[in-house]
Amino acid sequence: MARYITITLDKRGVSCRAVLLDREAPRTCEAVWNALPQSGSAYHAKYARNEVYTLVPPFADPKPGRENPTITPIPGDVVYFGFEAWEIGNPAYGYEDSSEAHSDRGATDLAIFYGRNNLLINGDAGWVPGNVFATIVEGLPEMAAAAQDLWLRGVEGETLSFARAE
């Protein structure tokens with residue numbers, strides 16, 4: 001039976017629904033499912049183009065490793081990244097002091113992609129593959145409009161939340 005999650009930009013009151021890709025990314029799906037709900041400050045990606053993400057404390061033990069990886073996510077992809085502390089805490093990235101980006105344990109990045117022409121490359125680190133673990137099946141146009149609003153008006157005070165869907 002398919003499992004679903006709800007992803008919400010809380011301040012904007014916009015949600016979408018995604019189906020877990022249990023066949024393609026079973027370890028990642030199980031790790032995320034068991035860790036839900038998750039919520040944190042929302043960010044709009046600088047490098048990838050059409051990405052909104054949050055950073056939360058690492059929750060996968062053991063880490064899922066690479067499965068169903070991509071460096072070219074498409075609209076509707078929901079992606080998991082596991083970062084070590086040395087990979088993400090660069091002060092130039094502009095995360096506030098309280099952000100998980102500065103944790104000694106590293107951070108888990110849960111991201112959604114809402115438009116085309118994404119490329120997961122970082123000027124400091126090179127290619128940054130992520131595990132595609134879900135696909136947005138409802139509400140992508142509304143989420144894309146809200147994500148574009150984040151890009152134009154800023155992310156301050158916005159949170160991105162992931163929860164099990166009923």
# chains A, B, ... in the order shown; residues from 1 in each chain; ligands from 1
call {"tool": "residues_around", "arguments": {"residues": "Ala25 in chain A", "least_positions_apart": "6", "cutoff": "8 Å", "atoms": "only C-alpha atoms", "output": "JSON, numbers by chain"}}
result
{"A": [67, 68, 131, 132, 133]}
call {"tool": "residues_around", "arguments": {"residues": "range 73-81 of chain A", "least_positions_apart": "2", "cutoff": "9 Å", "atoms": "only C-alpha atoms", "output": "ChimeraX atom specification"}}
result
/A:18,20,28,32,50,69-71,83,107-120,128-137,140,144
call {"tool": "residues_around", "arguments": {"residues": "range 104-106 of chain A", "least_positions_apart": "5", "cutoff": "9 Å", "atoms": "only C-alpha atoms", "output": "ChimeraX atom specification"}}
result
/A:57-58,82-89
call {"tool": "closest_residue", "arguments": {"among": "A:Ile121, A:Leu150, A:Ala2, A:Ala48", "to": "Cys29 in chain A", "atoms": "only C-alpha atoms"}}
result
A:Ala2
call {"tool": "atom_distance", "arguments": {"atom1": "CA of Pro37 in chain A", "atom2": "CA of Leu160 in chain A"}}
result
10.9 Å
call {"tool": "select_by_dssp", "arguments": {"residues": "chain A", "states": "helix (DSSP H, G or I)", "output": "MDAnalysis selection string"}}
result
chainID A and resid 26:35 85:88 91:93 100:102 140:153
call {"tool": "select_by_dssp", "arguments": {"residues": "chain A", "states": "strand (DSSP E or B)", "output": "PyMOL selection string"}}
result
chain A and resi 4-9+14-20+38-44+51-56+69-70+77-83+107-113+121-122+126-127+130-138+159-164
call {"tool": "closest_residue", "arguments": {"among": "A:Met143, A:Val155, A:Ala101, A:Ala60", "to": "Arg27 in chain A", "atoms": "only C-alpha atoms"}}
result
A:Ala60
call {"tool": "closest_residue", "arguments": {"among": "A:Lys63, A:Glu138, A:Tyr53, A:Tyr47", "to": "Ala165 in chain A", "atoms": "only C-alpha atoms"}}
result
A:Glu138
call {"tool": "residues_around", "arguments": {"residues": "Gly40 in chain A", "least_positions_apart": "5", "cutoff": "9 Å", "atoms": "only C-alpha atoms", "output": "list in words"}}
result
Tyr53, Thr54, Leu55, Val56, Ser99, Glu100, Glu158, Thr159, Leu160 and Ser161 of chain A
call {"tool": "write_last_selection", "arguments": {"atoms": "N, CA, C and O atoms", "output": "compact mmCIF listing (two decimals), in the first residue's frame"}}
result
# COMPACT_ATOMS: atom_id res chain seq x y z
N TYR A 53 13.92 24.07 0.77
CA TYR A 53 14.37 23.00 1.66
C TYR A 53 14.39 23.47 3.10
O TYR A 53 14.29 24.66 3.40
N THR A 54 14.54 22.50 3.98
CA THR A 54 14.77 22.77 5.40
C THR A 54 15.91 21.88 5.87
O THR A 54 16.18 20.83 5.28
N LEU A 55 16.57 22.33 6.92
CA LEU A 55 17.63 21.55 7.55
C LEU A 55 17.15 21.11 8.92
O LEU A 55 16.69 21.93 9.71
N VAL A 56 17.24 19.81 9.18
CA VAL A 56 16.82 19.25 10.47
C VAL A 56 17.97 18.41 11.01
O VAL A 56 18.89 18.05 10.27
N SER A 99 20.91 27.69 13.15
CA SER A 99 20.57 26.71 12.11
C SER A 99 21.29 25.38 12.32
O SER A 99 22.41 25.32 12.81
N GLU A 100 20.63 24.31 11.91
CA GLU A 100 21.24 22.98 11.93
C GLU A 100 22.50 22.93 11.06
O GLU A 100 23.32 22.03 11.22
N GLU A 158 9.47 31.79 7.69
CA GLU A 158 8.76 30.67 7.06
C GLU A 158 9.37 29.34 7.51
O GLU A 158 10.58 29.24 7.72
N THR A 159 8.53 28.36 7.70
CA THR A 159 8.99 27.00 8.00
C THR A 159 8.44 26.04 6.97
O THR A 159 7.37 26.25 6.39
N LEU A 160 9.21 24.99 6.73
CA LEU A 160 8.82 23.91 5.83
C LEU A 160 8.64 22.68 6.70
O LEU A 160 9.57 22.29 7.42
N SER A 161 7.46 22.07 6.63
CA SER A 161 7.13 20.94 7.50
C SER A 161 6.76 19.72 6.67
O SER A 161 6.09 19.83 5.64
call {"tool": "closest_residue", "arguments": {"among": "A:Asp10, A:Pro62, A:Met1, A:Glu156", "to": "Asp22 in chain A", "atoms": "only C-alpha atoms"}}
result
A:Met1
call {"tool": "atom_distance", "arguments": {"atom1": "CA of Ala163 in chain A", "atom2": "CA of Phe59 in chain A"}}
result
14.5 Å
call {"tool": "atom_distance", "arguments": {"atom1": "CA of Cys16 in chain A", "atom2": "CA of Leu152 in chain A"}}
result
20.4 Å
